[in-house]
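Quick look at run.pdb (PDB, C-alpha atoms and all ligand atoms):
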ATOM      1  CA  MET A1240     -24.388 -22.024  -9.641  1.00  0.00           C
ATOM      2  CA  CYS A1241     -20.752 -22.782  -8.747  1.00  0.00           C
ATOM      3  CA  TYR A1242     -19.272 -23.655  -5.368  1.00  0.00           C
ATOM      4  CA  ALA A1243     -15.600 -24.188  -6.307  1.00  0.00           C
ATOM      5  CA  ALA A1244     -13.117 -22.323  -8.487  1.00  0.00           C
ATOM      6  CA  ASP A1245     -12.977 -23.781 -12.006  1.00  0.00           C
ATOM      7  CA  ALA A1246      -9.668 -24.855 -13.523  1.00  0.00           C
ATOM      8  CA  THR A1247      -9.314 -21.615 -15.508  1.00  0.00           C
ATOM      9  CA  VAL A1248      -8.947 -19.542 -12.322  1.00  0.00           C
ATOM     10  CA  THR A1249      -5.175 -19.878 -12.076  1.00  0.00           C
ATOM     11  CA  LYS A1250      -2.868 -17.486 -10.236  1.00  0.00           C
ATOM     12  CA  ASP A1251      -1.788 -15.965 -13.569  1.00  0.00           C
ATOM     13  CA  ARG A1252      -5.375 -15.579 -14.826  1.00  0.00           C
ATOM     14  CA  TYR A1253      -6.272 -13.882 -11.538  1.00  0.00           C
ATOM     15  CA  ARG A1254      -3.301 -11.486 -11.748  1.00  0.00           C
ATOM     16  CA  ASP A1255      -4.069 -10.680 -15.397  1.00  0.00           C
ATOM     17  CA  ALA A1256      -7.645  -9.759 -14.452  1.00  0.00           C
ATOM     18  CA  MET A1257      -6.506  -7.760 -11.402  1.00  0.00           C
ATOM     19  CA  ALA A1258      -4.055  -5.885 -13.641  1.00  0.00           C
ATOM     20  CA  SER A1259      -7.069  -4.276 -15.333  1.00  0.00           C
ATOM     21  CA  VAL A1260      -8.357  -2.878 -12.023  1.00  0.00           C
ATOM     22  CA  ALA A1261      -7.090   0.683 -11.501  1.00  0.00           C
ATOM     23  CA  ALA A1262      -5.857   1.348  -7.981  1.00  0.00           C
ATOM     24  CA  ALA A1263      -4.524   4.273  -5.965  1.00  0.00           C
ATOM     25  CA  VAL A1264      -0.863   3.931  -5.004  1.00  0.00           C
ATOM     26  CA  ASN A1265       0.310   4.296  -1.404  1.00  0.00           C
ATOM     27  CA  VAL A1266       3.558   4.096   0.518  1.00  0.00           C
ATOM     28  CA  VAL A1267       2.828   2.415   3.839  1.00  0.00           C
ATOM     29  CA  THR A1268       5.324   3.137   6.620  1.00  0.00           C
ATOM     30  CA  THR A1269       6.007   2.157  10.208  1.00  0.00           C
ATOM     31  CA  ASP A1270       8.559   2.854  12.948  1.00  0.00           C
ATOM     32  CA  GLY A1271       9.014   1.653  16.502  1.00  0.00           C
ATOM     33  CA  PRO A1272      10.585  -1.237  18.426  1.00  0.00           C
ATOM     34  CA  GLY A1273      10.301  -3.461  15.313  1.00  0.00           C
ATOM     35  CA  GLY A1274      12.305  -0.937  13.266  1.00  0.00           C
ATOM     36  CA  ARG A1275      11.523   1.505  10.448  1.00  0.00           C
ATOM     37  CA  ALA A1276      10.063   0.029   7.272  1.00  0.00           C
ATOM     38  CA  GLY A1277       7.979   0.994   4.273  1.00  0.00           C
ATOM     39  CA  PHE A1278       6.582  -0.521   1.087  1.00  0.00           C
ATOM     40  CA  THR A1279       4.404   0.376  -1.886  1.00  0.00           C
ATOM     41  CA  ALA A1280       0.841  -0.928  -1.680  1.00  0.00           C
ATOM     42  CA  THR A1281      -2.198  -0.832  -3.924  1.00  0.00           C
ATOM     43  CA  ALA A1282      -4.065  -3.337  -1.743  1.00  0.00           C
ATOM     44  CA  VAL A1283      -5.469  -0.635   0.575  1.00  0.00           C
ATOM     45  CA  CYS A1284      -9.138   0.134   1.103  1.00  0.00           C
ATOM     46  CA  SER A1285     -11.584   1.876   3.392  1.00  0.00           C
ATOM     47  CA  VAL A1286     -13.542  -0.499   5.662  1.00  0.00           C
ATOM     48  CA  THR A1287     -15.799   1.669   7.860  1.00  0.00           C
ATOM     49  CA  ASP A1288     -16.021   5.265   9.131  1.00  0.00           C
ATOM     50  CA  SER A1289     -17.205   4.163  12.601  1.00  0.00           C
ATOM     51  CA  PRO A1290     -14.581   3.726  13.927  1.00  0.00           C
ATOM     52  CA  PRO A1291     -12.563   5.107  10.985  1.00  0.00           C
ATOM     53  CA  THR A1292     -10.859   1.962   9.710  1.00  0.00           C
ATOM     54  CA  LEU A1293      -8.932   0.974   6.597  1.00  0.00           C
ATOM     55  CA  LEU A1294      -7.171  -2.209   5.576  1.00  0.00           C
ATOM     56  CA  VAL A1295      -3.760  -2.918   4.098  1.00  0.00           C
ATOM     57  CA  CYS A1296      -2.677  -6.269   2.610  1.00  0.00           C
ATOM     58  CA  VAL A1297       1.007  -7.108   2.998  1.00  0.00           C
ATOM     59  CA  LYS A1298       2.863 -10.141   1.686  1.00  0.00           C
ATOM     60  CA  ARG A1299       3.728 -12.296   4.663  1.00  0.00           C
ATOM     61  CA  ASP A1300       7.148 -13.309   3.294  1.00  0.00           C
ATOM     62  CA  SER A1301       8.215  -9.740   2.456  1.00  0.00           C
ATOM     63  CA  SER A1302      11.154  -8.182   4.281  1.00  0.00           C
ATOM     64  CA  VAL A1303       8.887  -5.507   5.764  1.00  0.00           C
ATOM     65  CA  GLY A1304       5.931  -7.482   7.118  1.00  0.00           C
ATOM     66  CA  GLU A1305       7.383  -8.332  10.517  1.00  0.00           C
ATOM     67  CA  ALA A1306       8.171  -4.695  11.385  1.00  0.00           C
ATOM     68  CA  PHE A1307       4.496  -3.769  10.898  1.00  0.00           C
ATOM     69  CA  ARG A1308       3.301  -6.584  13.144  1.00  0.00           C
ATOM     70  CA  ALA A1309       5.924  -5.786  15.791  1.00  0.00           C
ATOM     71  CA  ASN A1310       5.187  -2.033  15.862  1.00  0.00           C
ATOM     72  CA  GLY A1311       1.415  -2.491  15.775  1.00  0.00           C
ATOM     73  CA  SER A1312       1.039   0.786  13.887  1.00  0.00           C
ATOM     74  CA  LEU A1313       1.467   2.262  10.414  1.00  0.00           C
ATOM     75  CA  CYS A1314       0.852   5.279   8.209  1.00  0.00           C
ATOM     76  CA  VAL A1315      -0.795   5.035   4.762  1.00  0.00           C
ATOM     77  CA  ASN A1316       0.586   7.815   2.529  1.00  0.00           C
ATOM     78  CA  THR A1317      -1.429   8.211  -0.687  1.00  0.00           C
ATOM     79  CA  LEU A1318       0.781   9.262  -3.588  1.00  0.00           C
ATOM     80  CA  ALA A1319       0.561  12.108  -6.088  1.00  0.00           C
ATOM     81  CA  PRO A1320       1.801  11.681  -9.699  1.00  0.00           C
ATOM     82  CA  GLU A1321       5.202  13.218  -8.872  1.00  0.00           C
ATOM     83  CA  HIS A1322       5.793  10.356  -6.414  1.00  0.00           C
ATOM     84  CA  GLN A1323       6.079   7.704  -9.152  1.00  0.00           C
ATOM     85  CA  PRO A1324       9.875   7.262  -8.651  1.00  0.00           C
ATOM     86  CA  LEU A1325       9.242   6.928  -4.899  1.00  0.00           C
ATOM     87  CA  SER A1326       6.663   4.211  -5.595  1.00  0.00           C
ATOM     88  CA  ASN A1327       9.263   2.257  -7.567  1.00  0.00           C
ATOM     89  CA  MET A1328      11.827   2.605  -4.755  1.00  0.00           C
ATOM     90  CA  PHE A1329       9.385   1.352  -2.107  1.00  0.00           C
ATOM     91  CA  GLY A1330       8.200  -1.381  -4.522  1.00  0.00           C
ATOM     92  CA  GLY A1331      11.137  -3.699  -3.847  1.00  0.00           C
ATOM     93  CA  ARG A1332      14.837  -4.398  -4.226  1.00  0.00           C
ATOM     94  CA  THR A1333      15.934  -1.015  -2.777  1.00  0.00           C
ATOM     95  CA  PRO A1334      17.511  -1.002   0.722  1.00  0.00           C
ATOM     96  CA  SER A1335      15.293   0.570   3.371  1.00  0.00           C
ATOM     97  CA  ASP A1336      17.591   3.551   4.112  1.00  0.00           C
ATOM     98  CA  GLU A1337      17.687   4.479   0.405  1.00  0.00           C
ATOM     99  CA  ARG A1338      13.893   4.312   0.203  1.00  0.00           C
ATOM    100  CA  PHE A1339      13.477   6.818   3.035  1.00  0.00           C
ATOM    101  CA  ALA A1340      16.335   9.078   1.841  1.00  0.00           C
ATOM    102  CA  ALA A1341      14.381   9.720  -1.372  1.00  0.00           C
ATOM    103  CA  ALA A1342      11.694  11.888   0.267  1.00  0.00           C
ATOM    104  CA  THR A1343      10.976  14.259   3.164  1.00  0.00           C
ATOM    105  CA  TRP A1344       9.133  12.895   6.189  1.00  0.00           C
ATOM    106  CA  THR A1345       7.583  14.126   9.383  1.00  0.00           C
ATOM    107  CA  THR A1346       6.551  11.896  12.274  1.00  0.00           C
ATOM    108  CA  GLY A1347       2.949  10.944  12.991  1.00  0.00           C
ATOM    109  CA  CYS A1348       1.427  10.359  16.419  1.00  0.00           C
ATOM    110  CA  THR A1349       2.242   6.616  16.209  1.00  0.00           C
ATOM    111  CA  GLY A1350       5.875   7.363  15.321  1.00  0.00           C
ATOM    112  CA  ALA A1351       5.376   6.316  11.675  1.00  0.00           C
ATOM    113  CA  PRO A1352       6.988   8.399   8.910  1.00  0.00           C
ATOM    114  CA  VAL A1353       4.475  10.747   7.230  1.00  0.00           C
ATOM    115  CA  LEU A1354       5.292  11.694   3.635  1.00  0.00           C
ATOM    116  CA  GLU A1355       5.487  15.415   2.930  1.00  0.00           C
ATOM    117  CA  GLY A1356       3.271  16.174  -0.076  1.00  0.00           C
ATOM    118  CA  ALA A1357       1.143  13.040   0.210  1.00  0.00           C
ATOM    119  CA  LEU A1358      -2.414  13.516  -1.076  1.00  0.00           C
ATOM    120  CA  ALA A1359      -3.603  12.149   2.252  1.00  0.00           C
ATOM    121  CA  SER A1360      -1.925  10.413   5.169  1.00  0.00           C
ATOM    122  CA  PHE A1361      -3.628   8.110   7.664  1.00  0.00           C
ATOM    123  CA  ASP A1362      -1.687   7.365  10.827  1.00  0.00           C
ATOM    124  CA  CYS A1363      -3.135   4.220  12.360  1.00  0.00           C
ATOM    125  CA  ARG A1364      -3.095   1.652  15.124  1.00  0.00           C
ATOM    126  CA  ILE A1365      -3.295  -1.910  13.752  1.00  0.00           C
ATOM    127  CA  SER A1366      -6.448  -3.234  15.424  1.00  0.00           C
ATOM    128  CA  LYS A1367      -6.595  -6.719  13.921  1.00  0.00           C
ATOM    129  CA  VAL A1368      -4.497  -8.974  11.669  1.00  0.00           C
ATOM    130  CA  VAL A1369      -6.032 -11.759   9.565  1.00  0.00           C
ATOM    131  CA  ASP A1370      -3.772 -14.076   7.554  1.00  0.00           C
ATOM    132  CA  VAL A1371      -5.251 -15.034   4.167  1.00  0.00           C
ATOM    133  CA  GLY A1372      -3.086 -17.187   1.892  1.00  0.00           C
ATOM    134  CA  THR A1373       0.171 -15.401   1.096  1.00  0.00           C
ATOM    135  CA  HIS A1374      -0.893 -12.078   2.665  1.00  0.00           C
ATOM    136  CA  ALA A1375      -1.674 -10.580   6.061  1.00  0.00           C
ATOM    137  CA  VAL A1376      -4.705  -8.292   6.100  1.00  0.00           C
ATOM    138  CA  LEU A1377      -3.999  -5.456   8.542  1.00  0.00           C
ATOM    139  CA  PHE A1378      -7.127  -3.731   9.842  1.00  0.00           C
ATOM    140  CA  CYS A1379      -6.098  -0.248  10.966  1.00  0.00           C
ATOM    141  CA  GLU A1380      -7.914   2.285  13.139  1.00  0.00           C
ATOM    142  CA  VAL A1381      -7.137   5.813  11.940  1.00  0.00           C
ATOM    143  CA  LEU A1382      -5.803   8.045  14.737  1.00  0.00           C
ATOM    144  CA  GLU A1383      -4.555  11.066  12.790  1.00  0.00           C
ATOM    145  CA  ILE A1384      -5.165  12.396   9.262  1.00  0.00           C
ATOM    146  CA  GLY A1385      -3.012  14.729   7.178  1.00  0.00           C
ATOM    147  CA  GLY A1386      -2.997  16.040   3.647  1.00  0.00           C
ATOM    148  CA  GLY A1387      -4.497  18.732   1.512  1.00  0.00           C
ATOM    149  CA  GLU A1388      -7.159  19.070  -1.139  1.00  0.00           C
ATOM    150  CA  PRO A1389      -6.981  16.292  -3.750  1.00  0.00           C
ATOM    151  CA  THR A1390      -5.943  17.551  -7.176  1.00  0.00           C
ATOM    152  CA  GLU A1391      -4.245  14.768  -9.120  1.00  0.00           C
ATOM    153  CA  GLY A1392      -3.784  11.177  -7.998  1.00  0.00           C
ATOM    154  CA  LEU A1393      -1.273   8.487  -9.007  1.00  0.00           C
ATOM    155  CA  ILE A1394      -2.897   5.255 -10.180  1.00  0.00           C
ATOM    156  CA  TYR A1395      -1.541   1.861 -11.238  1.00  0.00           C
ATOM    157  CA  VAL A1396      -3.430   0.050 -14.008  1.00  0.00           C
ATOM    158  CA  GLY A1397      -2.422  -2.321 -16.817  1.00  0.00           C
ATOM    159  CA  ARG A1398       0.926  -2.863 -15.036  1.00  0.00           C
ATOM    160  CA  ARG A1399       1.877   0.793 -15.459  1.00  0.00           C
ATOM    161  CA  TYR A1400       1.358   4.153 -13.783  1.00  0.00           C
ATOM    162  CA  ASP A1401      -1.085   6.840 -14.854  1.00  0.00           C
ATOM    163  CA  SER A1402      -2.619   9.894 -13.234  1.00  0.00           C
ATOM    164  CA  VAL A1403      -6.177  11.053 -12.669  1.00  0.00           C
ATOM    165  CA  THR A1404      -7.454  14.564 -12.070  1.00  0.00           C
ATOM    166  CA  ALA A1405     -10.112  15.116  -9.428  1.00  0.00           C
ATOM    167  CA  CYS A1406     -13.388  16.543 -10.782  1.00  0.00           C
ATOM    168  CA  GLY A1407     -13.396  20.292 -10.275  1.00  0.00           C
ATOM    169  CA  ALA A1408      -9.604  20.540  -9.917  1.00  0.00           C
ATOM    170  CA  ALA A1409      -7.864  22.980 -12.224  1.00  0.00           C
TER     171      ALA A1409
HETATM  172  N1  LIG B1501      -1.405  -7.137  -3.528  1.00  0.00           N
HETATM  173  C1  LIG B1501      -0.111  -7.247  -3.818  1.00  0.00           C
HETATM  174  O1  LIG B1501       0.625  -7.890  -3.112  1.00  0.00           O
HETATM  175  C2  LIG B1501       0.439  -6.562  -5.029  1.00  0.00           C
HETATM  176  C3  LIG B1501      -0.312  -5.623  -5.719  1.00  0.00           C
HETATM  177  C4  LIG B1501       0.261  -5.003  -6.856  1.00  0.00           C
HETATM  178  C5  LIG B1501       1.541  -5.329  -7.227  1.00  0.00           C
HETATM  179  N2  LIG B1501       2.245  -6.249  -6.496  1.00  0.00           N
HETATM  180  C6  LIG B1501       3.618  -6.628  -6.874  1.00  0.00           C
HETATM  181  O2  LIG B1501       4.209  -5.633  -7.706  1.00  0.00           O
HETATM  182  C7  LIG B1501       4.930  -6.256  -8.766  1.00  0.00           C
HETATM  183  C8  LIG B1501       4.431  -5.770 -10.115  1.00  0.00           C
HETATM  184  O3  LIG B1501       3.023  -6.069 -10.261  1.00  0.00           O
HETATM  185  P1  LIG B1501       2.277  -5.916 -11.631  1.00  0.00           P
HETATM  186  O4  LIG B1501       0.902  -5.347 -11.376  1.00  0.00           O
HETATM  187  O5  LIG B1501       3.122  -5.150 -12.577  1.00  0.00           O
HETATM  188  O6  LIG B1501       2.168  -7.377 -12.246  1.00  0.00           O
HETATM  189  P2  LIG B1501       1.561  -8.718 -11.626  1.00  0.00           P
HETATM  190  O7  LIG B1501       1.198  -9.578 -12.775  1.00  0.00           O
HETATM  191  O8  LIG B1501       2.469  -9.311 -10.631  1.00  0.00           O
HETATM  192  O9  LIG B1501       0.225  -8.256 -10.848  1.00  0.00           O
HETATM  193  C9  LIG B1501      -0.989  -7.899 -11.517  1.00  0.00           C
HETATM  194  C10 LIG B1501      -1.996  -7.507 -10.455  1.00  0.00           C
HETATM  195  O10 LIG B1501      -2.317  -8.651  -9.650  1.00  0.00           O
HETATM  196  C11 LIG B1501      -2.416  -8.287  -8.291  1.00  0.00           C
HETATM  197  N3  LIG B1501      -1.341  -8.984  -7.553  1.00  0.00           N
HETATM  198  C12 LIG B1501      -0.043  -9.103  -7.913  1.00  0.00           C
HETATM  199  N4  LIG B1501       0.628  -9.868  -7.037  1.00  0.00           N
HETATM  200  C13 LIG B1501      -0.278 -10.219  -6.118  1.00  0.00           C
HETATM  201  C14 LIG B1501      -0.204 -11.008  -4.974  1.00  0.00           C
HETATM  202  N5  LIG B1501       0.932 -11.602  -4.593  1.00  0.00           N
HETATM  203  N6  LIG B1501      -1.327 -11.167  -4.229  1.00  0.00           N
HETATM  204  C15 LIG B1501      -2.488 -10.587  -4.592  1.00  0.00           C
HETATM  205  N7  LIG B1501      -2.623  -9.841  -5.677  1.00  0.00           N
HETATM  206  C16 LIG B1501      -1.527  -9.651  -6.435  1.00  0.00           C
HETATM  207  C17 LIG B1501      -2.288  -6.795  -8.235  1.00  0.00           C
HETATM  208  O11 LIG B1501      -3.584  -6.230  -8.324  1.00  0.00           O
HETATM  209  C18 LIG B1501      -1.481  -6.477  -9.461  1.00  0.00           C
HETATM  210  O12 LIG B1501      -1.634  -5.166  -9.923  1.00  0.00           O
HETATM  211  C19 LIG B1501       4.791  -7.763  -8.575  1.00  0.00           C
HETATM  212  O13 LIG B1501       5.909  -8.216  -7.879  1.00  0.00           O
HETATM  213  C20 LIG B1501       3.558  -7.888  -7.719  1.00  0.00           C
HETATM  214  O14 LIG B1501       3.570  -9.064  -6.917  1.00  0.00           O
HETATM  215  C21 LIG B1501       1.731  -6.853  -5.409  1.00  0.00           C
HETATM  216  C1  LIG B1502       2.586  -0.639  -7.794  1.00  0.00           C
HETATM  217  C2  LIG B1502       2.932  -1.658  -6.717  1.00  0.00           C
HETATM  218  C3  LIG B1502       1.932  -2.066  -5.843  1.00  0.00           C
HETATM  219  C4  LIG B1502       2.224  -3.007  -4.855  1.00  0.00           C
HETATM  220  C5  LIG B1502       3.524  -3.558  -4.746  1.00  0.00           C
HETATM  221  C6  LIG B1502       4.525  -3.127  -5.624  1.00  0.00           C
HETATM  222  C7  LIG B1502       4.239  -2.174  -6.594  1.00  0.00           C
HETATM  223  C8  LIG B1502       5.346  -1.701  -7.501  1.00  0.00           C
HETATM  224  N1  LIG B1502       3.771  -4.495  -3.755  1.00  0.00           N
HETATM  225  C9  LIG B1502       5.100  -5.082  -3.616  1.00  0.00           C
HETATM  226  C10 LIG B1502       5.850  -4.437  -2.427  1.00  0.00           C
HETATM  227  O1  LIG B1502       5.868  -3.033  -2.513  1.00  0.00           O
HETATM  228  C11 LIG B1502       7.294  -4.935  -2.332  1.00  0.00           C
HETATM  229  O2  LIG B1502       7.333  -6.321  -2.321  1.00  0.00           O
HETATM  230  C12 LIG B1502       7.883  -4.312  -1.057  1.00  0.00           C
HETATM  231  O3  LIG B1502       9.055  -3.672  -1.396  1.00  0.00           O
HETATM  232  C13 LIG B1502       8.020  -5.299   0.075  1.00  0.00           C
HETATM  233  O4  LIG B1502       9.316  -5.370   0.567  1.00  0.00           O
HETATM  234  P1  LIG B1502      10.433  -6.399  -0.010  1.00  0.00           P
HETATM  235  O5  LIG B1502       9.945  -6.847  -1.384  1.00  0.00           O
HETATM  236  O6  LIG B1502      10.490  -7.537   0.909  1.00  0.00           O
HETATM  237  O7  LIG B1502      11.632  -5.555  -0.076  1.00  0.00           O
HETATM  238  C14 LIG B1502       2.801  -4.816  -2.845  1.00  0.00           C
HETATM  239  N2  LIG B1502       3.050  -5.705  -1.837  1.00  0.00           N
HETATM  240  C15 LIG B1502       2.109  -5.989  -0.918  1.00  0.00           C
HETATM  241  O8  LIG B1502       2.373  -6.785   0.000  1.00  0.00           O
HETATM  242  N3  LIG B1502       0.879  -5.411  -0.983  1.00  0.00           N
HETATM  243  C16 LIG B1502       0.526  -4.536  -1.978  1.00  0.00           C
HETATM  244  O9  LIG B1502      -0.592  -4.021  -1.992  1.00  0.00           O
HETATM  245  C17 LIG B1502       1.513  -4.234  -2.950  1.00  0.00           C
HETATM  246  N4  LIG B1502       1.235  -3.378  -3.981  1.00  0.00           N
END

In structure tokens, how does this file's structure come out?
Amino acid sequence: MCYAADATVTKDRYRDAMASVAAAVNVVTTDGPGGRAGFTATAVCSVTDSPPTLLVCVKRDSSVGEAFRANGSLCVNTLAPEHQPLSNMFGGRTPSDERFAAATWTTGCTGAPVLEGALASFDCRISKVVDVGTHAVLFCEVLEIGGGEPTEGLIYVGRRYDSVTACGAA
């Protein structure tokens, strides 16, 4: 039985292990009094369907984090394989206006940009924020859902992109 992390559980060892965990890729957006912002996130997961709630983890020292807190709302846009270049743009070092110019957007009920062609989009009110280490965990109540039938999804695994085909899809 162990009650404390052993010395081998370093930040690098943790990241190396997490790199082997395949994850869906999302562009998370917001707009409002705190300004428009968006970033690529794999740290997104479903929490409960009653009320429909998901979570998003965002680095607290990132340039985008404050806009999400200030607006109190966001949209999770789940990416298709053709969105890989968009994922790289929203993944850092690209000015915000250039990120948004690279795709077509509509506006969700919260005012957040909704990506045209996203596999699914979840427009949400941020219901709770919990700071854990370097990240803020944003719990988000889903207010509006968009998107079509899933066919192929973009995943990130082994520090690179790949795609998966949904069972039954052509
Ligand atoms: N949760 C996150 O914040 C997260 C997730 C994926 C990628 N990234 C960022 O994207 C870039 C490329 O990542 P990579 O996968 O090629 O190599 P990497 O070695 O930086 O990350 C490997 C894996 O560790 C996890 N991870 C990375 N940074 C993290 C962080 N700060 N907090 C919690 N988990 C983290 C992710 O699952 C990631 O896929 C890096 O700058 C990385 O920080 C961040
Ligand atoms: C594939 C992939 C996956 C993630 C990221 C990157 C990439 C390439 N990044 C990093 C994040 O997108 C990047 O730091 C943003 O651009 C934040 O804005 P600034 O870095 O401050 O411009 C990221 N950041 C974060 O806070 N939570 C996450 O889940 C992820 N996931």

Residues at most 10 Å from ligand LIG 1501 (chain B), using all atoms listed in the file? Could they come as a PDB file with C-alpha atoms, in the frame of the given file?
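Generated output (part.pdb):
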ATOM      1  CA  LYS A1250      -2.868 -17.486 -10.236  1.00  0.00           C
ATOM      2  CA  ASP A1251      -1.788 -15.965 -13.569  1.00  0.00           C
ATOM      3  CA  ARG A1252      -5.375 -15.579 -14.826  1.00  0.00           C
ATOM      4  CA  TYR A1253      -6.272 -13.882 -11.538  1.00  0.00           C
ATOM      5  CA  ARG A1254      -3.301 -11.486 -11.748  1.00  0.00           C
ATOM      6  CA  ASP A1255      -4.069 -10.680 -15.397  1.00  0.00           C
ATOM      7  CA  ALA A1256      -7.645  -9.759 -14.452  1.00  0.00           C
ATOM      8  CA  MET A1257      -6.506  -7.760 -11.402  1.00  0.00           C
ATOM      9  CA  ALA A1258      -4.055  -5.885 -13.641  1.00  0.00           C
ATOM     10  CA  SER A1259      -7.069  -4.276 -15.333  1.00  0.00           C
ATOM     11  CA  VAL A1260      -8.357  -2.878 -12.023  1.00  0.00           C
ATOM     12  CA  ALA A1261      -7.090   0.683 -11.501  1.00  0.00           C
ATOM     13  CA  ALA A1262      -5.857   1.348  -7.981  1.00  0.00           C
ATOM     14  CA  VAL A1264      -0.863   3.931  -5.004  1.00  0.00           C
ATOM     15  CA  THR A1279       4.404   0.376  -1.886  1.00  0.00           C
ATOM     16  CA  ALA A1280       0.841  -0.928  -1.680  1.00  0.00           C
ATOM     17  CA  THR A1281      -2.198  -0.832  -3.924  1.00  0.00           C
ATOM     18  CA  ALA A1282      -4.065  -3.337  -1.743  1.00  0.00           C
ATOM     19  CA  VAL A1283      -5.469  -0.635   0.575  1.00  0.00           C
ATOM     20  CA  VAL A1295      -3.760  -2.918   4.098  1.00  0.00           C
ATOM     21  CA  CYS A1296      -2.677  -6.269   2.610  1.00  0.00           C
ATOM     22  CA  VAL A1297       1.007  -7.108   2.998  1.00  0.00           C
ATOM     23  CA  LYS A1298       2.863 -10.141   1.686  1.00  0.00           C
ATOM     24  CA  ARG A1299       3.728 -12.296   4.663  1.00  0.00           C
ATOM     25  CA  SER A1301       8.215  -9.740   2.456  1.00  0.00           C
ATOM     26  CA  ASN A1327       9.263   2.257  -7.567  1.00  0.00           C
ATOM     27  CA  GLY A1330       8.200  -1.381  -4.522  1.00  0.00           C
ATOM     28  CA  GLY A1331      11.137  -3.699  -3.847  1.00  0.00           C
ATOM     29  CA  GLY A1372      -3.086 -17.187   1.892  1.00  0.00           C
ATOM     30  CA  THR A1373       0.171 -15.401   1.096  1.00  0.00           C
ATOM     31  CA  HIS A1374      -0.893 -12.078   2.665  1.00  0.00           C
ATOM     32  CA  ALA A1375      -1.674 -10.580   6.061  1.00  0.00           C
ATOM     33  CA  TYR A1395      -1.541   1.861 -11.238  1.00  0.00           C
ATOM     34  CA  VAL A1396      -3.430   0.050 -14.008  1.00  0.00           C
ATOM     35  CA  GLY A1397      -2.422  -2.321 -16.817  1.00  0.00           C
ATOM     36  CA  ARG A1398       0.926  -2.863 -15.036  1.00  0.00           C
ATOM     37  CA  ARG A1399       1.877   0.793 -15.459  1.00  0.00           C
ATOM     38  CA  TYR A1400       1.358   4.153 -13.783  1.00  0.00           C
TER      39      TYR A1400
END

At a cut-off of 9 Å, using only C-alpha atoms, what residues contact Arg1364 in chain A? Leave out same-chain residues fewer than 4 positions from it and give the result as a short mmCIF file (atom, residue, chain, number, x, y, z; two decimals) with C-alpha atoms, in the coordinates of the input.
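As a result, result_29.cif now contains:
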data_model
loop_
_atom_site.label_atom_id
_atom_site.label_comp_id
_atom_site.auth_asym_id
_atom_site.auth_seq_id
_atom_site.Cartn_x
_atom_site.Cartn_y
_atom_site.Cartn_z
CA GLY A 1311 1.42 -2.49 15.78
CA SER A 1312 1.04 0.79 13.89
CA LEU A 1313 1.47 2.26 10.41
CA CYS A 1314 0.85 5.28 8.21
CA THR A 1349 2.24 6.62 16.21
CA PHE A 1378 -7.13 -3.73 9.84
CA CYS A 1379 -6.10 -0.25 10.97
CA GLU A 1380 -7.91 2.28 13.14
CA VAL A 1381 -7.14 5.81 11.94
CA LEU A 1382 -5.80 8.04 14.74
#

Just checking: using all atoms listed in the file, which residue out of A:Ser1285, A:Thr1268, A:Thr1317, A:Gln1323 ends up closest to Phe1339 in chain A?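 Nearest to Phe1339 in chain A: A:Thr1268.
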
I'd like the interatomic distance between atom C13 of ligand LIG 1502 (chain B) and CA of Gly1304 in chain A, to a tenth of an Å.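 CA of Gly1304 in chain A lies 7.7 Å from atom C13 of ligand LIG 1502 (chain B).
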
Might I get the box with edges along x, y and z of the file that holds all atoms of ligand LIG 1502 (chain B) listed there, padded by 4 Å on every side, given as centre and edge lengths in Å to one decimal, as AutoDock Vina command-line options?
--center_x 5.5 --center_y -4.1 --center_z -3.4 --size_x 20.2 --size_y 14.9 --size_z 16.7

So the first atom is CA of Val1303 in chain A and the second is CA of Gly1387 in chain A; what is the distance between them in Å, to one decimal place? 28.0 Å

CA of Val1371 in chain A and CA of Cys1241 in chain A are how many Å apart? 21.6 Å

Name the residues within 12 Å of (1.0, 9.1, 9.4), counting all atoms listed in the file in the file's coordinates, and put them as a PyMOL selection string. chain A and resi 1265-1270+1277+1312-1317+1344-1355+1357-1364+1379-1386

Restricting to all atoms listed in the file, whichever of A:Ala1263, A:Arg1338, A:Tyr1242, A:Ser1326 is closest to Glu1391 in chain A is A:Ala1263

Nearest residue to ligand LIG 1502 (chain B) from the set A:Asp1245, A:Asp1288, A:Asp1300, A:Asp1401 (distances using all atoms listed in the file):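 Result for the nearest residue to ligand LIG 1502 (chain B): A:Asp1300.
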
Mind telling me what the PyMOL selection byres (((chain A and resi 1368) around 9) and not hetatm) catches here, as a list in words?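 Taken over the shown coordinates, the PyMOL selection byres (((chain A and resi 1368) around 9) and not hetatm) returns Arg1308, Ile1365, Ser1366, Lys1367, Val1369, Asp1370, Ala1375, Val1376, Leu1377, Phe1378 and Cys1379 of chain A.
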
With all atoms listed in the file as the basis for distance, which of A:Met1240, A:Ala1341, A:Ala1306, A:Met1328 is at the shortest distance from ligand LIG 1502 (chain B)?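 Closest residue, counting all atoms listed in the file: A:Met1328.
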
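Closest to Thr1343 in chain A among A:Pro1291, A:Ala1246, A:Val1286, A:His1322 is A:His1322, based on all atoms listed in the file.
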
From A:Leu1318, A:Gly1274, A:Cys1284, A:Pro1324, residue lying nearest Ser1302 in chain A [all atoms listed in the file]: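 Between A:Leu1318, A:Gly1274, A:Cys1284, A:Pro1324, the residue approaching Ser1302 in chain A most closely is A:Gly1274.
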